[in-house]
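One structure is given below, encoded as structure tokens.
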There are 2 protein chains.
Amino acid sequence: MQHFSVTTGKGAYPVVVGCGAWKELRELVSHGYSSIFVLTEKRIWNRWAGDFNRESGLELAPVVFVPSGEKSKSLAQAERVAGNLLKHGADRHSLLVLFGGGVVGDLGGFVASTYMRGIECVQVPTTVVGQVDSAVGGKTAVNVGAMKNLVGTFYPPVMVLADPRVLGSLGLRTFRSGLYEVAKHTVLDGIEFFETFERELDFLLPETAPKLEGIVARAVKVKVDVVNRDEREQSLRQVLNLGHTFGHALEEATGYRRFMHGEAVGWGLLVITLLAERLGYLKSPAGRQPRPGRLPTKSQAGRGDGSDAERIRRLVWRIGPLPTIRDVSPQAIVRLLPHDKKAIGGTIHWVIPERIGKVRIVPGIPLTEAETAWNELRALAPNW
Amino acid sequence: MQHFSVTTGKGAYPVVVGCGAWKELRELVSHGYSSIFVLTEKRIWNRWAGDFNRESGLELAPVVFVPSGEKSKSLAQAERVAGNLLKHGADRHSLLVLFGGGVVGDLGGFVASTYMRGIECVQVPTTVVGQVDSAVGGKTAVNVGAMKNLVGTFYPPVMVLADPRVLGSLGLRTFRSGLYEVAKHTVLDGIEFFETFERELDFLLPETAPKLEGIVARAVKVKVDVVNRDEREQSLRQVLNLGHTFGHALEEATGYRRFMHGEAVGWGLLVITLLAERLGYLKSPAGRQPRPGRLPTKSQAGRGDGSDAERIRRLVWRIGPLPTIRDVSPQAIVRLLPHDKKAIGGTIHWVIPERIGKVRIVPGIPLTEAETAWNELRALAPNW
């Protein structure tokens, strides 16, 4: 079991990673809440309610369900959940336990932050993305129309409990989708974590979930460290957006139907690496020319030219097959790039890798460069 | 012109009261916002846009309208406004100017606090209630179903600008409705402000709006002082709920159609005064028995027994006629009292006047006492 602490403007909250983390709730619920509610999705709850209730001691807490899927991240759904909480007597001193993936965490966090102007909540993430990324840091969000996460709040939970056992019931694609976010964390963090991930990647599968504690905890630490230095995304926290500027545009261009979020981030990491090479930010090893655009073929995996760019690409490529981007034109992508919420006055703040372990914020790269990089990636992308 | 300062967890913001307060925007808008938007209602904007734009220098700011009326305080409307802001290119460094009454202030504040997880906003209240109460303190809210203000945030504006001239275009009933909140503030504050209000009350009319600066500023100061000591309604801020526990129940019992908010607070002040007398909290002058339940008839106005209870009742009564409560049964009211958001674990925290200038929080008064007080009021209420 590993414990981290996230500092916020209102104090600190613990993030606990490990098998058995849910037991930490037993102590919390003795804190005199007037009532406790669980917000979750049917599928994950059906599988894990027994274990969770036994370990957390929450057998008697009323359960409110949200339908699965991104569509539930809406203000209409927030209204429905708030109405349900009111009907069951939730007041300002109630606690809301968010047991689920990104939808439950983002929507539920938003409801907690606004119900009667804020009630306390605990994040119990049940996906890789949730555990290593979205449940830590206090960002909540719902979508408005086609704009993901347009409306939300910064609202720290009182506790985050990430038990890797729960990842064992994820489908392979959902599981892998989270690994792209882990890959992003390794690029941000440095060569040691990157090489650990390289080594263990082939053994990371839902069925080995209980053994994921080390990787999950390491990835959580990356997020915790960044958030501790910049709770409200004034500057440093922007680095977490690595791969996301293209990723969000790709999700929007394909109507949020083709890609899981992590998969779009996977493509985003590949293209931003190409762009960084093109612009000379990401250096090749001494004495060799950069080789922009080279994606390894299957037979080349494990070899490559040894440059950081090459290693990043190979790592992303090894995680698994990605849905195609062949039919997504550079015009479509480039048109959507300025929709990024981090854009200020129309200027995109790009997160550009300089080497494994170092990124730089670069405002205002010409969109023609982004277009070219996208075209290169499209031409070179393998047909899985 | 009078300046106050409200301290929050994130710094302080100014509250400026006086004719010409809108000019303060000129300095603010030079702060490098990426864009500036005005959120308002058609009727008030049509009347004041010329003056406001000339004085504030905001002639070029795009204007987003919300329909008049309490129905606009909904998550659906928040979604529409957020979508409109996005369409017009609002980003994280945009400023939202909220020009209007409680609906614009509460809804717009909620949108500002959640759009891209928070953009800055300026409150420019245009009603008495807005100027002396709701625009100061950083509470934002929307309604969910029949539950007023169920969802909201604590989110301080960067500035509050209350120009009393704008009150000149209010209808008499809307204008008077705000005076009940002023009456509440005088009871909280003390005998000096109370007697000033008693003296000036007959001259407070929309047509004398520019001369309201003194009264408005004094009432704002009461609010500012309370909020400065308790931003997040941990305890002290509860005193502002004086008259509101009954008031909210009365609004809900009549489907939010019969009463303006301030009018319901007017009745709430009358009944809480009766209840305080019944329970012995509100003392009569030495040597005399309390005379619970006595409302002055028109001919008695200005006389009375001189007790604080009597003076509070007479003041509320003088503000103007109130829509009837004759048909609102005590059962209906008492059933709705625990819906009060300040109730914790089902226990209502009553704000009980002890004398003019002093209230006390009393948890858990028997509802039978509340029922009796309501019945007394109902029997004694004049038929305006």
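Just remember, in the structure tokens the first chain shown is A, the second B, etc., residues are 1-based per chain, and ligands are 1-based in the order shown.
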
Problem set entry | Residue contacts of Ala373 (chain B) (7 Å, only C-alpha atoms) excluding same-chain residues fewer than 5 positions away, as a list of chain:residue names | B:Val271, B:Leu274, B:Leu275

Filtering to C-alpha atoms, could you give me those residues as a PDB file, in the first residue's frame?
```pdb
ATOM      1  CA  VAL B 271     -43.548  34.947  11.924  1.00  0.00           C
ATOM      2  CA  LEU B 274     -43.807  35.941  16.843  1.00  0.00           C
ATOM      3  CA  LEU B 275     -41.987  32.653  17.399  1.00  0.00           C
TER       4      LEU B 275
END
```

Problem set entry | Shell around Gly109 (chain B) at 9 Å using only C-alpha atoms, local window under 4 positions removed, as a PyMOL selection string | chain B and resi 96+98+104-105+113-114+121-123+138-141+152-153+155-157

For this session: When you get a sec, could you note down which chain B residues fall within 7 Å of chain A, using only C-alpha atoms, as a PyMOL selection string?
Result: chain B and resi 34+75+79+83+91-93+114-118+144+150-154+341+344-345

Can those selected residues be exported to a file as a short mmCIF file (atom, residue, chain, number, x, y, z; two decimals), in the first residue's frame so that it contains C-alpha atoms?
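Output file part02.cif follows:
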```cif
data_model
loop_
_atom_site.label_atom_id
_atom_site.label_comp_id
_atom_site.auth_asym_id
_atom_site.auth_seq_id
_atom_site.Cartn_x
_atom_site.Cartn_y
_atom_site.Cartn_z
CA SER B 34 -8.82 37.99 -23.86
CA LEU B 75 -28.94 23.98 -15.40
CA GLU B 79 -25.78 25.05 -20.50
CA GLY B 83 -22.63 27.17 -25.27
CA ASP B 91 -11.77 31.26 -23.14
CA ARG B 92 -10.25 30.95 -19.68
CA HIS B 93 -9.06 34.54 -19.67
CA THR B 114 -17.91 26.58 -13.96
CA TYR B 115 -17.14 27.73 -17.54
CA MET B 116 -13.78 26.11 -18.29
CA ARG B 117 -13.61 25.58 -14.52
CA GLY B 118 -13.93 29.24 -13.74
CA VAL B 144 -33.42 21.94 -9.48
CA LEU B 150 -30.05 23.39 -4.75
CA VAL B 151 -27.01 23.51 -7.02
CA GLY B 152 -24.42 26.26 -6.86
CA THR B 153 -20.94 27.33 -5.86
CA PHE B 154 -19.07 29.73 -3.64
CA LYS B 341 -30.58 23.98 2.88
CA ILE B 344 -28.31 19.37 8.88
CA GLY B 345 -29.35 15.76 9.49
#
```

Give the helix (DSSP H, G or I) residues of region 140-338 of chain A, as DSSP finds them on the backbone, and put them as a PDB file with C-alpha atoms, in the first residue's frame.
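Saved to result_35.pdb:
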```pdb
ATOM      1  CA  PRO A 164      -5.664  -2.193  -8.688  1.00  0.00           C
ATOM      2  CA  ARG A 165      -7.648  -5.428  -8.174  1.00  0.00           C
ATOM      3  CA  VAL A 166     -10.695  -3.723  -9.656  1.00  0.00           C
ATOM      4  CA  LEU A 167      -8.838  -3.300 -12.961  1.00  0.00           C
ATOM      5  CA  GLY A 168      -9.087  -7.092 -13.386  1.00  0.00           C
ATOM      6  CA  SER A 169     -12.647  -6.853 -14.646  1.00  0.00           C
ATOM      7  CA  LEU A 172      -8.732  -5.429 -22.740  1.00  0.00           C
ATOM      8  CA  ARG A 173      -9.366  -2.310 -24.821  1.00  0.00           C
ATOM      9  CA  THR A 174     -10.445  -0.181 -21.852  1.00  0.00           C
ATOM     10  CA  PHE A 175      -7.479  -1.464 -19.898  1.00  0.00           C
ATOM     11  CA  ARG A 176      -5.004  -0.626 -22.647  1.00  0.00           C
ATOM     12  CA  SER A 177      -6.584   2.765 -23.173  1.00  0.00           C
ATOM     13  CA  GLY A 178      -5.379   3.695 -19.708  1.00  0.00           C
ATOM     14  CA  LEU A 179      -1.849   2.569 -20.496  1.00  0.00           C
ATOM     15  CA  TYR A 180      -1.472   5.427 -22.988  1.00  0.00           C
ATOM     16  CA  GLU A 181      -1.926   7.828 -20.073  1.00  0.00           C
ATOM     17  CA  VAL A 182       0.687   5.843 -18.153  1.00  0.00           C
ATOM     18  CA  ALA A 183       3.007   6.194 -21.171  1.00  0.00           C
ATOM     19  CA  LYS A 184       2.427   9.962 -21.054  1.00  0.00           C
ATOM     20  CA  HIS A 185       3.359   9.977 -17.372  1.00  0.00           C
ATOM     21  CA  THR A 186       6.586   8.073 -18.062  1.00  0.00           C
ATOM     22  CA  VAL A 187       7.608  10.588 -20.753  1.00  0.00           C
ATOM     23  CA  LEU A 188       6.951  13.434 -18.313  1.00  0.00           C
ATOM     24  CA  ASP A 189       8.750  11.706 -15.479  1.00  0.00           C
ATOM     25  CA  ILE A 191      14.119   7.584 -18.076  1.00  0.00           C
ATOM     26  CA  GLU A 192      13.900   5.381 -14.975  1.00  0.00           C
ATOM     27  CA  PHE A 193      10.096   5.077 -14.924  1.00  0.00           C
ATOM     28  CA  PHE A 194      10.074   4.983 -18.731  1.00  0.00           C
ATOM     29  CA  GLU A 195      12.384   1.947 -18.767  1.00  0.00           C
ATOM     30  CA  THR A 196      10.432   0.222 -16.004  1.00  0.00           C
ATOM     31  CA  PHE A 197       7.310   0.621 -18.104  1.00  0.00           C
ATOM     32  CA  GLU A 198       9.155  -0.633 -21.211  1.00  0.00           C
ATOM     33  CA  ARG A 199      10.248  -3.733 -19.286  1.00  0.00           C
ATOM     34  CA  GLU A 200       6.896  -4.561 -17.730  1.00  0.00           C
ATOM     35  CA  LEU A 201       4.595  -3.557 -20.581  1.00  0.00           C
ATOM     36  CA  ASP A 202       4.164  -7.049 -22.045  1.00  0.00           C
ATOM     37  CA  PHE A 203       3.029  -8.357 -18.665  1.00  0.00           C
ATOM     38  CA  PRO A 206      -6.258  -7.148 -16.724  1.00  0.00           C
ATOM     39  CA  GLU A 207      -5.630 -10.647 -15.369  1.00  0.00           C
ATOM     40  CA  THR A 208      -2.463  -9.494 -13.645  1.00  0.00           C
ATOM     41  CA  ALA A 209      -4.228  -6.497 -12.105  1.00  0.00           C
ATOM     42  CA  PRO A 210      -3.264  -7.102  -8.456  1.00  0.00           C
ATOM     43  CA  LYS A 211       0.377  -6.921  -9.550  1.00  0.00           C
ATOM     44  CA  LEU A 212      -0.120  -3.457 -11.081  1.00  0.00           C
ATOM     45  CA  GLU A 213       0.306  -1.692  -7.764  1.00  0.00           C
ATOM     46  CA  GLY A 214       3.878  -0.632  -8.551  1.00  0.00           C
ATOM     47  CA  ILE A 215       3.169   0.859 -11.965  1.00  0.00           C
ATOM     48  CA  VAL A 216      -0.074   2.523 -10.856  1.00  0.00           C
ATOM     49  CA  ALA A 217       1.554   4.008  -7.768  1.00  0.00           C
ATOM     50  CA  ARG A 218       4.494   5.309  -9.797  1.00  0.00           C
ATOM     51  CA  ALA A 219       2.140   6.925 -12.328  1.00  0.00           C
ATOM     52  CA  VAL A 220       0.022   8.402  -9.537  1.00  0.00           C
ATOM     53  CA  LYS A 221       3.157   9.915  -8.049  1.00  0.00           C
ATOM     54  CA  VAL A 222       3.870  11.775 -11.309  1.00  0.00           C
ATOM     55  CA  LYS A 223       0.387  13.296 -11.245  1.00  0.00           C
ATOM     56  CA  VAL A 224       0.520  14.073  -7.515  1.00  0.00           C
ATOM     57  CA  ASP A 225       3.854  15.855  -7.878  1.00  0.00           C
ATOM     58  CA  VAL A 226       2.623  18.056 -10.704  1.00  0.00           C
ATOM     59  CA  VAL A 227      -0.685  18.884  -9.013  1.00  0.00           C
ATOM     60  CA  ASN A 228       1.066  19.700  -5.747  1.00  0.00           C
ATOM     61  CA  ARG A 229       3.004  22.360  -7.526  1.00  0.00           C
ATOM     62  CA  LEU A 236       3.117  23.787 -14.639  1.00  0.00           C
ATOM     63  CA  ARG A 237       0.002  21.630 -14.677  1.00  0.00           C
ATOM     64  CA  GLN A 238      -0.241  22.258 -18.414  1.00  0.00           C
ATOM     65  CA  VAL A 239       2.476  19.628 -18.930  1.00  0.00           C
ATOM     66  CA  LEU A 240      -0.165  16.975 -18.179  1.00  0.00           C
ATOM     67  CA  ASN A 241      -1.731  18.034 -21.468  1.00  0.00           C
ATOM     68  CA  HIS A 244      -3.935  15.876 -25.456  1.00  0.00           C
ATOM     69  CA  THR A 245      -4.092  18.856 -27.846  1.00  0.00           C
ATOM     70  CA  PHE A 246      -4.100  16.533 -30.861  1.00  0.00           C
ATOM     71  CA  GLY A 247      -5.924  13.863 -28.856  1.00  0.00           C
ATOM     72  CA  HIS A 248      -8.925  16.065 -28.077  1.00  0.00           C
ATOM     73  CA  ALA A 249      -9.118  17.270 -31.694  1.00  0.00           C
ATOM     74  CA  LEU A 250      -9.039  13.662 -32.905  1.00  0.00           C
ATOM     75  CA  GLU A 251     -11.828  12.663 -30.532  1.00  0.00           C
ATOM     76  CA  GLU A 252     -13.927  15.625 -31.680  1.00  0.00           C
ATOM     77  CA  ALA A 253     -13.195  15.010 -35.383  1.00  0.00           C
ATOM     78  CA  HIS A 261      -9.914   8.847 -24.632  1.00  0.00           C
ATOM     79  CA  GLY A 262      -6.613   7.094 -23.942  1.00  0.00           C
ATOM     80  CA  GLU A 263      -6.396   5.819 -27.525  1.00  0.00           C
ATOM     81  CA  ALA A 264      -6.717   9.358 -28.869  1.00  0.00           C
ATOM     82  CA  VAL A 265      -3.967  10.382 -26.442  1.00  0.00           C
ATOM     83  CA  GLY A 266      -1.868   7.526 -27.872  1.00  0.00           C
ATOM     84  CA  TRP A 267      -2.149   9.022 -31.357  1.00  0.00           C
ATOM     85  CA  GLY A 268      -1.582  12.439 -29.815  1.00  0.00           C
ATOM     86  CA  LEU A 269       1.712  11.276 -28.301  1.00  0.00           C
ATOM     87  CA  LEU A 270       2.832   9.889 -31.665  1.00  0.00           C
ATOM     88  CA  VAL A 271       2.089  13.069 -33.593  1.00  0.00           C
ATOM     89  CA  ILE A 272       3.467  15.481 -30.984  1.00  0.00           C
ATOM     90  CA  THR A 273       6.692  13.456 -31.024  1.00  0.00           C
ATOM     91  CA  LEU A 274       6.880  13.865 -34.797  1.00  0.00           C
ATOM     92  CA  LEU A 275       6.175  17.565 -34.493  1.00  0.00           C
ATOM     93  CA  ALA A 276       8.837  17.970 -31.808  1.00  0.00           C
ATOM     94  CA  GLU A 277      11.364  16.312 -34.115  1.00  0.00           C
ATOM     95  CA  ARG A 278      10.357  18.445 -37.098  1.00  0.00           C
ATOM     96  CA  LYS A 298       6.381  -4.806 -36.298  1.00  0.00           C
ATOM     97  CA  SER A 299       9.668  -6.517 -37.014  1.00  0.00           C
ATOM     98  CA  GLN A 300      11.605  -3.465 -35.920  1.00  0.00           C
ATOM     99  CA  ASP A 308      14.189   9.323 -27.489  1.00  0.00           C
ATOM    100  CA  ALA A 309      11.680  10.017 -30.265  1.00  0.00           C
ATOM    101  CA  GLU A 310      12.050   6.475 -31.500  1.00  0.00           C
ATOM    102  CA  ARG A 311      11.719   5.010 -28.023  1.00  0.00           C
ATOM    103  CA  ILE A 312       8.551   6.997 -27.299  1.00  0.00           C
ATOM    104  CA  ARG A 313       6.995   5.872 -30.564  1.00  0.00           C
ATOM    105  CA  ARG A 314       7.935   2.258 -29.997  1.00  0.00           C
ATOM    106  CA  LEU A 315       6.499   2.292 -26.482  1.00  0.00           C
ATOM    107  CA  VAL A 316       3.181   3.750 -27.618  1.00  0.00           C
ATOM    108  CA  TRP A 317       3.054   1.338 -30.510  1.00  0.00           C
ATOM    109  CA  ARG A 318       3.641  -1.693 -28.275  1.00  0.00           C
ATOM    110  CA  ILE A 319       0.650  -0.942 -26.020  1.00  0.00           C
ATOM    111  CA  PRO A 330      -5.187  17.272 -41.459  1.00  0.00           C
ATOM    112  CA  GLN A 331      -7.649  20.071 -42.254  1.00  0.00           C
ATOM    113  CA  ALA A 332     -10.231  18.504 -39.947  1.00  0.00           C
ATOM    114  CA  ILE A 333      -7.697  18.185 -37.132  1.00  0.00           C
ATOM    115  CA  VAL A 334      -6.147  21.605 -37.521  1.00  0.00           C
ATOM    116  CA  ARG A 335      -9.532  23.299 -37.578  1.00  0.00           C
ATOM    117  CA  LEU A 336     -10.340  21.734 -34.193  1.00  0.00           C
ATOM    118  CA  LEU A 337      -7.003  22.346 -32.456  1.00  0.00           C
ATOM    119  CA  PRO A 338      -7.904  25.856 -31.197  1.00  0.00           C
TER     120      PRO A 338
END
```

Problem set entry | Nearest to Val29 (chain A), chosen from A:Asp51, A:Glu120, A:Phe99, A:Val351, with only C-alpha atoms counted in the distances | A:Glu120
